[in-house]
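K.L.:
What follows is upload13.txt; its format and atoms are compact mmCIF, C-alpha atoms.
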# COMPACT_ATOMS: atom_id res chain seq x y z
CA MET A 62 -91.82 -51.95 35.76
CA ASP A 63 -92.79 -51.24 32.15
CA GLY A 64 -93.51 -53.79 29.45
CA GLU A 65 -90.06 -53.87 27.89
CA ALA A 66 -88.49 -54.39 31.31
CA ILE A 67 -90.74 -57.40 31.83
CA VAL A 68 -89.70 -58.76 28.43
CA ARG A 69 -86.05 -58.45 29.43
CA GLU A 70 -86.69 -60.19 32.74
CA TYR A 71 -88.59 -62.97 30.96
CA LEU A 72 -85.59 -63.56 28.68
CA LEU A 73 -83.23 -63.69 31.65
CA LEU A 74 -85.59 -66.04 33.46
CA GLY A 75 -85.73 -68.45 30.53
CA LEU A 76 -81.96 -68.44 30.07
CA ARG A 77 -81.44 -69.07 33.79
CA LEU A 78 -83.82 -72.02 33.69
CA GLY A 79 -81.78 -73.35 30.80
CA LYS A 80 -78.78 -73.61 33.13
CA LEU A 81 -80.79 -76.01 35.30
CA ALA A 82 -82.36 -78.07 32.53
CA PRO A 83 -80.15 -78.67 29.48
CA GLY A 84 -82.23 -78.65 26.34
CA LEU A 85 -84.95 -76.43 27.77
CA VAL A 86 -83.69 -73.46 25.72
CA ASP A 87 -84.33 -74.66 22.20
CA SER A 88 -82.93 -71.47 20.68
CA PHE A 89 -81.98 -67.93 21.66
CA THR A 90 -81.08 -65.40 18.99
CA GLY A 91 -81.48 -62.23 21.05
CA ASP A 92 -79.14 -59.90 22.90
CA ARG A 93 -75.85 -61.73 23.43
CA ALA A 94 -75.12 -59.61 26.46
CA LEU A 95 -78.03 -61.30 28.23
CA ARG A 96 -76.61 -64.70 27.43
CA ARG A 97 -73.15 -63.70 28.69
CA ARG A 98 -74.66 -62.25 31.86
CA VAL A 99 -76.47 -65.51 32.66
CA ASP A 100 -73.43 -67.61 31.77
CA ASP A 101 -71.36 -65.63 34.29
CA GLU A 102 -73.91 -65.96 37.10
CA PRO A 103 -73.84 -68.68 39.75
CA ARG A 104 -76.24 -71.58 39.29
CA PRO A 105 -79.69 -70.34 40.37
CA HIS A 106 -82.12 -72.13 42.66
CA PRO A 107 -85.30 -73.20 40.83
CA ALA A 108 -87.57 -72.07 43.67
CA ASN A 109 -86.22 -68.53 43.30
CA LEU A 110 -86.90 -68.65 39.56
CA ALA A 111 -90.46 -69.85 40.19
CA ASP A 112 -91.04 -66.96 42.58
CA ARG A 113 -89.59 -64.54 40.05
CA ALA A 114 -91.95 -65.83 37.35
CA ALA A 115 -94.91 -65.28 39.68
CA VAL A 116 -93.77 -61.73 40.44
CA LEU A 117 -93.40 -60.96 36.74
CA ARG A 118 -96.90 -62.24 36.03
CA ARG A 119 -98.32 -59.91 38.68
CA GLU A 120 -96.29 -57.01 37.27
CA LEU A 121 -97.47 -57.84 33.76
CA ALA A 122 -101.09 -57.50 34.83
CA ARG A 123 -100.41 -53.85 35.68
CA VAL A 124 -98.63 -52.73 32.50
CA ASP A 125 -100.47 -51.03 29.66
CA ASP A 126 -97.65 -50.33 27.19
CA LEU A 127 -97.64 -53.69 25.38
CA GLU A 128 -99.82 -54.79 22.48
CA PRO A 129 -102.54 -57.23 23.60
CA VAL A 130 -100.93 -60.06 21.62
CA ARG A 131 -97.64 -59.54 23.45
CA HIS A 132 -99.42 -59.38 26.79
CA ARG A 133 -101.20 -62.70 26.11
CA PHE A 134 -97.97 -64.31 24.92
CA LEU A 135 -95.97 -63.25 27.97
CA GLU A 136 -98.68 -64.20 30.47
CA ALA A 137 -98.97 -67.67 28.94
CA HIS A 138 -95.23 -68.24 28.88
CA LEU A 139 -94.58 -66.95 32.37
CA THR A 140 -97.18 -69.45 33.60
CA ALA A 141 -95.38 -72.27 31.80
CA VAL A 142 -91.96 -71.17 33.02
CA GLU A 143 -93.19 -70.93 36.61
CA THR A 144 -94.48 -74.50 36.41
CA THR A 145 -91.18 -75.77 35.02
CA ALA A 146 -89.26 -74.02 37.79
CA ARG A 147 -91.53 -75.40 40.52
CA LYS A 148 -91.10 -78.93 39.17
CA LEU A 149 -87.32 -78.47 39.14
CA ALA A 150 -87.60 -77.32 42.75
CA GLY A 151 -89.24 -80.63 43.66
CA VAL A 152 -92.90 -79.61 43.72
CA ARG A 153 -95.13 -82.44 42.50
CA VAL A 154 -97.44 -81.37 39.70
CA GLY A 155 -100.07 -83.73 38.31
CA PHE A 156 -99.53 -84.65 34.68
CA VAL A 157 -102.80 -83.17 33.39
CA ASP A 158 -102.16 -79.96 35.33
CA GLU A 159 -98.60 -79.86 34.00
CA VAL A 160 -99.81 -80.14 30.41
CA ARG A 161 -102.41 -77.42 30.97
CA ALA A 162 -99.85 -75.03 32.44
CA TYR A 163 -97.38 -75.63 29.63
CA PHE A 164 -99.68 -75.68 26.62
CA GLN A 165 -103.08 -74.15 27.54
CA VAL A 166 -104.96 -77.35 26.67
CA ASP A 167 -106.78 -80.03 28.64
CA VAL A 168 -106.07 -83.63 27.71
CA ALA A 169 -108.29 -86.69 28.01
CA PRO A 170 -108.03 -90.26 26.68
CA GLY A 171 -109.14 -91.02 23.15
CA HIS A 172 -111.78 -93.63 22.36
CA PRO A 173 -110.94 -97.19 21.30
CA ASP A 174 -113.82 -97.13 18.80
CA THR A 175 -111.99 -94.41 16.88
CA TYR A 176 -108.91 -96.61 16.74
CA ARG A 177 -110.96 -99.63 15.65
CA ARG A 178 -112.43 -97.63 12.76
CA ALA A 179 -108.92 -96.63 11.68
CA HIS A 180 -107.90 -100.30 11.76
CA GLU A 181 -110.94 -101.23 9.67
CA GLU A 182 -110.01 -98.63 7.07
CA LEU A 183 -106.44 -99.90 6.98
CA ASP A 184 -107.71 -103.45 6.65
CA GLY A 185 -109.57 -102.46 3.49
CA LEU A 186 -106.53 -100.67 2.05
CA LEU A 187 -104.09 -103.50 2.78
CA PRO A 188 -105.80 -106.78 1.86
CA GLY A 189 -104.06 -110.12 2.16
CA ASP A 190 -103.12 -112.82 4.62
CA GLY A 191 -101.65 -112.29 8.04
CA SER A 192 -102.38 -109.83 10.82
CA LEU A 193 -103.05 -106.17 10.09
CA ALA A 194 -99.79 -105.27 11.85
CA ALA A 195 -97.88 -107.67 9.58
CA ARG A 196 -99.55 -106.31 6.44
CA LEU A 197 -98.82 -102.74 7.49
CA ALA A 198 -95.19 -103.70 8.16
CA ASP A 199 -94.98 -105.28 4.70
CA HIS A 200 -96.45 -102.13 3.13
CA ARG A 201 -93.95 -99.96 4.95
CA ALA A 202 -91.05 -102.21 3.99
CA LEU A 203 -91.77 -101.55 0.33
CA ASP A 204 -90.74 -97.90 0.60
CA GLU A 205 -87.87 -98.10 3.05
CA VAL A 206 -85.07 -95.72 2.14
CA PRO A 207 -81.64 -97.39 1.94
CA PRO A 208 -79.18 -95.65 4.29
CA ARG A 209 -77.01 -94.48 1.37
CA LEU A 210 -80.01 -92.67 -0.17
CA LEU A 211 -81.36 -91.09 3.02
CA SER A 212 -79.40 -87.86 2.68
CA PRO A 213 -80.00 -87.46 -1.10
CA ALA A 214 -83.73 -88.05 -0.60
CA VAL A 215 -83.94 -85.50 2.21
CA HIS A 216 -82.12 -82.91 0.10
CA ALA A 217 -84.31 -83.55 -2.96
CA LEU A 218 -87.52 -83.14 -0.96
CA SER A 219 -86.13 -80.11 0.85
CA SER A 220 -85.28 -78.37 -2.41
CA ALA A 221 -88.73 -79.04 -3.88
CA LEU A 222 -90.53 -77.88 -0.72
CA ARG A 223 -88.31 -74.81 -0.44
CA ASP A 224 -89.31 -73.72 -3.95
CA ARG A 225 -92.99 -73.98 -3.05
CA VAL A 226 -92.62 -72.19 0.27
CA ARG A 227 -90.49 -69.40 -1.19
CA GLU A 228 -93.19 -68.74 -3.80
CA ARG A 229 -96.20 -69.11 -1.48
CA TYR A 230 -95.02 -67.72 1.86
CA GLY A 231 -91.73 -65.99 1.19
CA LEU A 232 -88.31 -66.62 2.68
CA PRO A 233 -85.59 -64.11 3.63
CA PRO A 234 -82.58 -63.91 1.31
CA GLY A 235 -79.71 -66.11 2.37
CA GLU A 236 -81.74 -68.52 4.51
CA VAL A 237 -80.30 -72.03 4.58
CA VAL A 238 -80.91 -75.43 6.16
CA GLU A 239 -78.07 -77.89 6.67
CA TYR A 240 -78.96 -81.54 7.25
CA GLU A 241 -77.07 -84.16 9.22
CA VAL A 242 -77.78 -87.81 9.93
CA VAL A 243 -77.49 -88.77 13.63
CA THR A 244 -78.16 -91.77 15.88
CA ASP A 245 -79.17 -92.52 19.48
CA LYS A 246 -81.85 -89.83 19.83
CA PRO A 247 -85.42 -90.09 21.22
CA TRP A 248 -86.89 -88.26 18.21
CA SER A 249 -86.98 -88.82 14.44
CA GLY A 250 -85.86 -85.31 13.47
CA PHE A 251 -84.88 -82.07 15.20
CA ASN A 252 -84.44 -78.48 14.08
CA TYR A 253 -81.65 -76.47 15.68
CA TYR A 254 -82.31 -72.87 14.74
CA LEU A 255 -78.99 -70.99 14.80
CA GLY A 256 -80.23 -67.48 14.05
CA GLY A 257 -79.48 -65.37 11.02
CA PHE A 258 -81.94 -67.48 8.99
CA ARG A 259 -79.86 -70.64 9.42
CA SER A 260 -80.95 -74.04 10.72
CA ARG A 261 -79.27 -77.37 11.29
CA VAL A 262 -81.72 -80.26 10.97
CA ALA A 263 -80.74 -83.62 12.44
CA VAL A 264 -82.36 -86.77 11.03
CA ASN A 265 -82.24 -89.83 13.29
CA ALA A 266 -81.12 -92.84 11.27
CA ASP A 267 -81.86 -95.33 14.09
CA LEU A 268 -85.56 -95.44 13.29
CA GLY A 269 -85.17 -96.19 9.62
CA HIS A 270 -87.02 -93.92 7.22
CA ARG A 271 -89.57 -94.49 4.52
CA VAL A 272 -90.23 -92.52 1.36
CA SER A 273 -93.73 -91.86 2.67
CA ASN A 274 -92.61 -90.25 5.92
CA LEU A 275 -89.70 -88.17 4.61
CA PRO A 276 -91.80 -85.38 3.04
CA HIS A 277 -93.62 -84.97 6.35
CA LEU A 278 -90.32 -84.81 8.23
CA VAL A 279 -88.76 -82.24 5.88
CA ALA A 280 -91.91 -80.11 5.79
CA HIS A 281 -92.09 -80.31 9.58
CA GLU A 282 -88.51 -79.36 10.32
CA SER A 283 -87.83 -76.98 7.45
CA TYR A 284 -90.31 -75.86 4.79
CA PRO A 285 -92.83 -74.53 5.84
CA GLY A 286 -92.31 -75.78 9.41
CA HIS A 287 -89.85 -74.82 12.13
CA HIS A 288 -87.14 -73.24 9.99
CA THR A 289 -89.61 -71.14 8.02
CA GLU A 290 -91.41 -70.03 11.18
CA HIS A 291 -88.18 -69.02 12.90
CA CYS A 292 -87.00 -67.09 9.83
CA ARG A 293 -90.23 -65.18 9.34
CA LYS A 294 -90.60 -64.33 13.02
CA GLU A 295 -86.97 -63.17 13.16
CA VAL A 296 -87.63 -60.85 10.22
CA GLY A 297 -91.08 -59.62 11.23
CA LEU A 298 -91.84 -59.90 14.92
CA VAL A 299 -88.30 -59.38 16.19
CA GLY A 300 -86.72 -57.26 13.48
CA GLU A 301 -89.61 -55.06 12.37
CA ARG A 302 -92.00 -55.02 15.34
CA GLY A 303 -89.52 -55.25 18.21
CA HIS A 304 -90.99 -58.32 19.94
CA ALA A 305 -87.74 -59.30 21.65
CA GLU A 306 -89.46 -62.15 23.55
CA GLN A 307 -89.75 -64.05 20.25
CA ALA A 308 -85.96 -64.43 20.15
CA LEU A 309 -86.26 -67.06 22.90
CA PHE A 310 -87.83 -70.45 22.18
CA LEU A 311 -88.37 -72.56 25.29
CA ILE A 312 -89.42 -76.19 25.45
CA ASN A 313 -92.67 -76.88 27.35
CA THR A 314 -94.35 -73.56 26.61
CA PRO A 315 -97.41 -72.64 24.51
CA GLN A 316 -95.20 -71.66 21.58
CA CYS A 317 -94.22 -75.34 21.32
CA LEU A 318 -97.80 -76.48 20.82
CA MET A 319 -98.27 -73.79 18.19
CA ALA A 320 -95.00 -74.63 16.43
CA GLU A 321 -95.48 -78.41 16.44
CA GLY A 322 -99.10 -78.22 15.32
CA MET A 323 -98.09 -75.94 12.45
CA ALA A 324 -95.15 -78.12 11.50
CA GLU A 325 -97.20 -81.32 11.58
CA LEU A 326 -99.54 -79.66 9.08
CA GLY A 327 -96.68 -78.28 7.00
CA LEU A 328 -97.09 -80.72 4.12
CA HIS A 329 -100.83 -80.00 4.14
CA ALA A 330 -100.07 -76.28 3.78
CA ALA A 331 -97.27 -76.60 1.23
CA VAL A 332 -98.58 -79.37 -1.04
CA GLY A 333 -101.98 -80.54 0.20
CA PRO A 334 -103.97 -83.40 -1.36
CA GLY A 335 -101.90 -85.27 -3.89
CA TRP A 336 -98.71 -85.11 -1.83
CA GLY A 337 -98.24 -88.85 -2.37
CA ARG A 338 -97.99 -88.55 -6.15
CA TRP A 339 -95.89 -85.42 -5.73
CA THR A 340 -93.45 -87.34 -3.54
CA GLU A 341 -93.40 -90.24 -5.99
CA GLU A 342 -92.23 -87.90 -8.74
CA ILE A 343 -89.59 -86.14 -6.61
CA VAL A 344 -87.80 -89.32 -5.49
CA ALA A 345 -88.08 -91.22 -8.78
CA ASP A 346 -84.80 -89.72 -10.03
CA LEU A 347 -83.04 -91.34 -7.06
CA GLY A 348 -84.33 -94.77 -8.02
CA LEU A 349 -86.79 -94.85 -5.12
CA ARG A 350 -90.23 -96.28 -5.78
CA VAL A 351 -93.44 -95.70 -3.87
CA ASP A 352 -97.15 -96.02 -4.63
CA GLY A 353 -97.95 -92.41 -3.84
CA GLU A 354 -101.72 -92.72 -4.05
CA LEU A 355 -101.93 -95.76 -1.78
CA THR A 356 -99.40 -94.29 0.63
CA GLU A 357 -101.44 -91.12 0.97
CA ARG A 358 -104.60 -93.12 1.69
CA VAL A 359 -102.80 -95.29 4.26
CA GLU A 360 -101.36 -92.25 6.01
CA GLY A 361 -104.83 -90.70 6.03
CA ALA A 362 -106.22 -93.78 7.78
CA LEU A 363 -103.37 -93.74 10.29
CA ALA A 364 -104.37 -90.17 11.22
CA GLY A 365 -107.27 -91.77 13.08
CA LEU A 366 -104.68 -93.05 15.57
CA LEU A 367 -103.42 -89.55 16.36
CA THR A 368 -104.27 -89.63 20.06
CA VAL A 369 -102.80 -93.07 20.82
CA ARG A 370 -99.43 -91.66 21.90
CA GLN A 371 -101.12 -89.12 24.16
CA ASP A 372 -103.17 -91.94 25.70
CA ALA A 373 -99.89 -93.73 26.36
CA ALA A 374 -98.49 -90.64 28.10
CA LEU A 375 -101.60 -90.46 30.29
CA MET A 376 -101.24 -94.16 31.13
CA LEU A 377 -97.60 -93.72 32.09
CA HIS A 378 -97.73 -90.47 34.03
CA ASP A 379 -101.33 -90.00 35.14
CA ARG A 380 -102.45 -93.57 35.83
CA ARG A 381 -98.96 -94.88 36.70
CA ALA A 382 -99.24 -97.88 34.39
CA HIS A 383 -96.34 -100.28 34.12
CA PRO A 384 -94.06 -99.41 31.19
CA ASP A 385 -94.60 -102.86 29.67
CA ASP A 386 -98.36 -102.26 29.64
CA VAL A 387 -97.76 -98.96 27.85
CA VAL A 388 -95.61 -100.74 25.26
CA ASP A 389 -98.37 -103.31 24.73
CA PHE A 390 -100.90 -100.49 24.28
CA LEU A 391 -98.73 -98.76 21.68
CA ARG A 392 -98.11 -102.01 19.82
CA ARG A 393 -101.80 -102.91 19.76
CA TRP A 394 -103.20 -99.67 18.44
CA LEU A 395 -100.30 -98.23 16.42
CA LEU A 396 -99.52 -101.65 14.90
CA VAL A 397 -95.79 -101.21 15.48
CA PRO A 398 -93.13 -103.73 16.54
CA GLU A 399 -91.86 -103.80 20.09
CA ARG A 400 -88.60 -102.03 19.19
CA ARG A 401 -90.51 -99.06 17.81
CA ALA A 402 -92.90 -98.99 20.77
CA ARG A 403 -90.02 -98.96 23.23
CA HIS A 404 -88.42 -96.10 21.35
CA MET A 405 -91.69 -94.17 21.76
CA LEU A 406 -91.66 -95.06 25.46
CA ARG A 407 -88.19 -93.57 25.76
CA PHE A 408 -89.53 -90.23 24.51
CA LEU A 409 -92.63 -90.42 26.72
CA GLY A 410 -90.53 -91.18 29.78
CA ASP A 411 -87.86 -88.52 29.28
CA PRO A 412 -88.14 -85.91 32.08
CA LEU A 413 -87.83 -83.01 29.65
CA TRP A 414 -90.09 -84.43 26.95
CA ARG A 415 -92.71 -86.37 28.92
CA ALA A 416 -95.50 -83.84 28.30
CA TYR A 417 -94.37 -82.93 24.82
CA THR A 418 -96.42 -85.51 22.90
CA THR A 419 -99.43 -83.29 23.54
CA THR A 420 -97.95 -80.62 21.27
CA TYR A 421 -98.24 -82.96 18.30
CA VAL A 422 -101.68 -84.29 19.18
CA GLU A 423 -103.59 -81.29 20.50
CA GLY A 424 -101.52 -78.94 18.35
CA VAL A 425 -102.67 -80.68 15.17
CA ARG A 426 -106.29 -80.85 16.28
CA LEU A 427 -106.45 -77.20 17.32
CA ILE A 428 -104.58 -75.74 14.38
CA ARG A 429 -106.39 -77.84 11.79
CA ALA A 430 -109.73 -76.64 13.21
CA TRP A 431 -108.46 -73.06 13.15
CA LEU A 432 -107.14 -73.35 9.58
CA ASP A 433 -110.52 -74.70 8.49
CA LEU A 434 -112.23 -71.65 10.05
CA ARG A 435 -111.80 -69.35 7.08
CA SER A 436 -113.76 -66.41 5.82
CA PRO A 437 -114.86 -66.52 2.14
CA THR A 438 -111.93 -64.29 1.19
CA ASP A 439 -109.30 -66.29 3.12
CA THR A 440 -107.22 -69.11 1.66
CA LEU A 441 -105.40 -71.87 3.51
CA GLY A 442 -102.18 -70.02 2.64
CA ASP A 443 -103.48 -66.80 4.19
CA ARG A 444 -104.33 -68.59 7.42
CA TYR A 445 -101.06 -70.50 7.60
CA LEU A 446 -99.10 -67.32 6.93
CA ARG A 447 -100.72 -65.71 9.96
CA LEU A 448 -99.49 -68.63 12.07
CA LEU A 449 -95.99 -68.11 10.72
CA ASP A 450 -96.01 -64.38 11.41
CA GLU A 451 -98.14 -63.73 14.50
CA PRO A 452 -97.35 -64.38 18.21
CA LEU A 453 -100.50 -66.46 18.74
CA VAL A 454 -101.12 -68.75 21.71
CA PRO A 455 -103.40 -71.81 21.92
CA ARG A 456 -106.05 -70.07 24.01
CA THR A 457 -106.53 -67.44 21.32
CA LEU A 458 -107.04 -70.06 18.62
CA ARG A 459 -109.44 -72.06 20.79
CA GLN A 460 -111.53 -68.97 21.48
CA GLU A 461 -111.76 -68.22 17.77
CA VAL A 462 -112.70 -71.82 16.95
CA GLU A 463 -115.35 -71.90 19.68
CA ALA A 464 -116.76 -68.56 18.53
CA GLY A 465 -116.78 -69.74 14.92
CA VAL A 466 -115.59 -66.32 13.74
CA PRO A 467 -112.08 -65.84 12.32
CA ARG A 468 -110.34 -62.67 13.41
CA LEU A 469 -108.31 -60.52 11.09
CA PRO A 470 -104.50 -60.40 11.56
CA ARG A 471 -103.37 -58.26 14.52
CA ASP A 472 -106.88 -58.04 16.01
Please express what this file holds, its structure, as structure tokens.
P.N.:
Amino acid sequence: MDGEAIVREYLLLGLRLGKLAPGLVDSFTGDRALRRRVDDEPRPHPANLADRAAVLRRELARVDDLEPVRHRFLEAHLTAVETTARKLAGVRVGFVDEVRAYFQVDVAPGHPDTYRRAHEELDGLLPGDGSLAARLADHRALDEVPPRLLSPAVHALSSALRDRVRERYGLPPGEVVEYEVVTDKPWSGFNYYLGGFRSRVAVNADLGHRVSNLPHLVAHESYPGHHTEHCRKEVGLVGERGHAEQALFLINTPQCLMAEGMAELGLHAAVGPGWGRWTEEIVADLGLRVDGELTERVEGALAGLLTVRQDAALMLHDRRAHPDDVVDFLRRWLLVPERRARHMLRFLGDPLWRAYTTTYVEGVRLIRAWLDLRSPTDTLGDRYLRLLDEPLVPRTLRQEVEAGVPRLPRD
């Protein structure tokens, strides 16, 4: 079996798994004949798909007609797909092992001292009477977006970010993002990439949104996050370089950790320091008011609580803690009300998404460290553009960070 045959079999394997686990195939913009073929097939057995993934990994080790980056990508994703199939077949996989197989990272609990320091910083930024949680809630209430202004605010921020991304990173002609407001979802926002440089981004109104979190959400889902990455990879990797495997985006694979880490740092890459004031100016025309400088400092302090949600996932799935204890943990350290903590628990407990929190936590930590590892001639934009355009996997980035030597594109 040659390399391109393995790519084709990988695509079929992912699409077949999608028949067993709705939502697992986030997007597929490749050969429609493959999709029709899988749609017409009987429902597969997950154990057979797991065995097929293992066979393909062994075959991949013997091929020499694929670029090294494609080989690394396929090996990593076949490992993840095999694990998903085995779990669907009823094989018990420990949570830490599951995360490692999906995302090429090892997870461990954070340290309460780190969280205490974040609380101390917040305490200094938000003086006054009452508990820190109450003062943070009061601060957040000041920039709540009225439901009638949610869509206009999203569109205003999207337009401003799109202009920056188009100038700095480039976008294909005709690309477009359509936004819709939804309810009853376990996430705050979601990008549905439709192919042909088009995305539909759903914004969950149930959570309520603040002026301070909207630029992060829009940057994450659209510019320069998921939509931008999909567009540039469709043009470059798929269209120009023939990497057909990039036409399939599967949940619980290394590409998710890469994509979420990039998207979480999207505002950092598109605007950078001063994003609070920038946001303040963008939304002022809508009659929305926010103290951009204070908001940016508060959000910076809250970054010290990055690993709390991953700790909660470890409590729930690795240490088998009672859900109420997990809610109490989230409320204590994230300073959120019970309703918000239980919404987080819903995401952590979802069978499809239970490991996914790691993509935001370890993805941010790994990609920020990699972005900071720049040669004297590299800019942040240069590094971020490589993430948008190259088929990198977490292990590659970790090796570069540990070595302390940035590689050139396509090394």
K.L.:
Could you give me, as a Markdown table, every range 174-273 of chain A residue with an atom at most 10 Å from range 327-334 of chain A, plus its closest atom pair and distance in Å to one decimal, counting only C-alpha atoms, rows ordered by chain then number?
P.N.:
| residue | atom | partner | partner_atom | distance |
| --- | --- | --- | --- | --- |
| A:Leu222 | CA | A:Ala331 | CA | 7.1 |
| A:Arg223 | CA | A:Ala331 | CA | 9.3 |
| A:Asp224 | CA | A:Ala331 | CA | 9.9 |
| A:Arg225 | CA | A:Ala331 | CA | 6.6 |
| A:Val226 | CA | A:Ala331 | CA | 6.5 |
| A:Arg229 | CA | A:Ala331 | CA | 8.0 |
| A:Tyr230 | CA | A:Ala331 | CA | 9.2 |
K.L.:
Between CA of Arg97 in chain A and CA of Arg293 in chain A, what is the distance in Å, rounded to a tenth?
P.N.:
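So the two atoms, CA of Arg97 in chain A and CA of Arg293 in chain A, lie 25.9 Å apart.
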K.L.:
For the point (-95.9, -86.3, 36.1) in the file's frame, write as a list in words all residues with an atom no more than 9 Å away, counting all atoms listed in the file.
P.N.:
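With a cut-off of 9 Å, the residues come to Arg153, Val154, Gly155, Phe156, Val157, Asp158, Glu159, Leu377, His378, Asp379, Pro412, Arg415 and Ala416 of chain A.
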K.L.:
With all atoms listed in the file as the atoms that count, which of A:Glu102, A:Asp352, A:Asp372, A:Asp184 lies nearest to Val388 in chain A?
P.N.:
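Closest candidate: A:Asp372.
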K.L.:
What does the structure give for the distance between CA of Asp63 in chain A and CA of Glu451 in chain A, in Å to one decimal?
P.N.:
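Here the two named atoms are 22.3 Å from each other.
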K.L.:
Which residues are close to Leu367 in chain A, i.e. within 12 Å by all atoms listed in the file, leaving aside same-chain residues fewer than 2 positions away? Reply as a VMD selection string.
P.N.:
chain A and resid 170 to 173 175 to 176 179 325 360 to 365 369 to 373 391 394 to 395 418 to 426
K.L.:
Have a look at A:Cys317, A:Met405, A:Val272, A:Ala305 and name the one nearest to Glu70 in chain A; count all atoms listed in the file.
P.N.:
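Of all the options, A:Ala305 lies closest to Glu70 in chain A.
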K.L.:
Grab the CA of Ser260 in chain A to CA of Thr90 in chain A distance for me, in Å with one decimal place.
P.N.:
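Rounded to one decimal, the two atoms are 12.0 Å apart.
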K.L.:
I need the residue nearest Glu181 in chain A from this list: A:Val142, A:Val359, A:Ile343, A:Leu81. Use all atoms listed in the file for the distance.
P.N.:
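Nearest candidate to Glu181 in chain A out of A:Val142, A:Val359, A:Ile343, A:Leu81: A:Val359.
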K.L.:
Go through A:Gly256, A:Gly250, A:Gly303, A:Gly286 one by one, measure the shortest atom-to-atom distance of each to Asn274 in chain A using only C-alpha atoms, and give the residue with the smallest value.
P.N.:
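Ranked by minimum distance to Asn274 in chain A, first place goes to A:Gly250.
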K.L.:
Do you know which residues are at most 9 Å from range 307-311 of chain A counting only C-alpha atoms, after dropping those on the same chain fewer than 6 positions away, and could you put them as a PyMOL selection string?
P.N.:
chain A and resi 72+75-76+79+84-92+138+142+256+291+294-295+298-299+317+452
K.L.:
Limited to C-alpha atoms, could you put the picked residues into a file as a compact mmCIF listing (two decimals), in the frame of the given file?
P.N.:
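Contents of selection_0.txt, as written:
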# COMPACT_ATOMS: atom_id res chain seq x y z
CA LEU A 72 -85.59 -63.56 28.68
CA GLY A 75 -85.73 -68.45 30.53
CA LEU A 76 -81.96 -68.44 30.07
CA GLY A 79 -81.78 -73.35 30.80
CA GLY A 84 -82.23 -78.65 26.34
CA LEU A 85 -84.95 -76.43 27.77
CA VAL A 86 -83.69 -73.46 25.72
CA ASP A 87 -84.33 -74.66 22.20
CA SER A 88 -82.93 -71.47 20.68
CA PHE A 89 -81.98 -67.93 21.66
CA THR A 90 -81.08 -65.40 18.99
CA GLY A 91 -81.48 -62.23 21.05
CA ASP A 92 -79.14 -59.90 22.90
CA HIS A 138 -95.23 -68.24 28.88
CA VAL A 142 -91.96 -71.17 33.02
CA GLY A 256 -80.23 -67.48 14.05
CA HIS A 291 -88.18 -69.02 12.90
CA LYS A 294 -90.60 -64.33 13.02
CA GLU A 295 -86.97 -63.17 13.16
CA LEU A 298 -91.84 -59.90 14.92
CA VAL A 299 -88.30 -59.38 16.19
CA CYS A 317 -94.22 -75.34 21.32
CA PRO A 452 -97.35 -64.38 18.21
K.L.:
Could you check the closest approach to Ser192 in chain A for each of A:Arg447, A:Arg393, A:Arg104, A:Arg459 and tell me which residue wins, using all atoms listed in the file?
P.N.:
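Under the stated criterion, the closest residue is A:Arg393.
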K.L.:
Ranking A:Gly335, A:Gly269, A:Pro208, A:Gly231 by minimum distance to Glu290 in chain A and counting all atoms listed in the file, which one comes first?
P.N.:
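Residue with the minimum atom-to-atom distance to Glu290 in chain A: A:Gly231.
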K.L.:
Just want the 12 Å neighbourhood of Ser212 in chain A, counted on all atoms listed in the file, with same-chain residues fewer than 3 positions away dropped. Output as a list in words.
P.N.:
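Residues near the query, excluding close chain neighbours: Val206, Pro207, Pro208, Arg209, Val215, His216, Ala217, Leu218, Ser219, Glu239, Tyr240, Glu241, Val242, Val243, Val262, Ala263, Val264, Asn265, Ala266, His270, Val272, Leu275, Val279, Val344 and Leu347 of chain A.
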K.L.:
Show which residues sit within 9 Å of range 123-135 of chain A, as a list of chain:residue names. Count all atoms listed in the file, and ignore same-chain residues fewer than 4 positions away.
P.N.:
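Listed by chain and then number, they are A:Met62, A:Asp63, A:Gly64, A:Glu65, A:Ile67, A:Val68, A:Tyr71, A:Arg118, A:Arg119, A:Leu139, A:Thr140, A:His304, A:Glu306, A:Pro315, A:Gln316, A:Glu451, A:Pro452, A:Leu453, A:Val454, A:Thr457, A:Arg471, A:Asp472.
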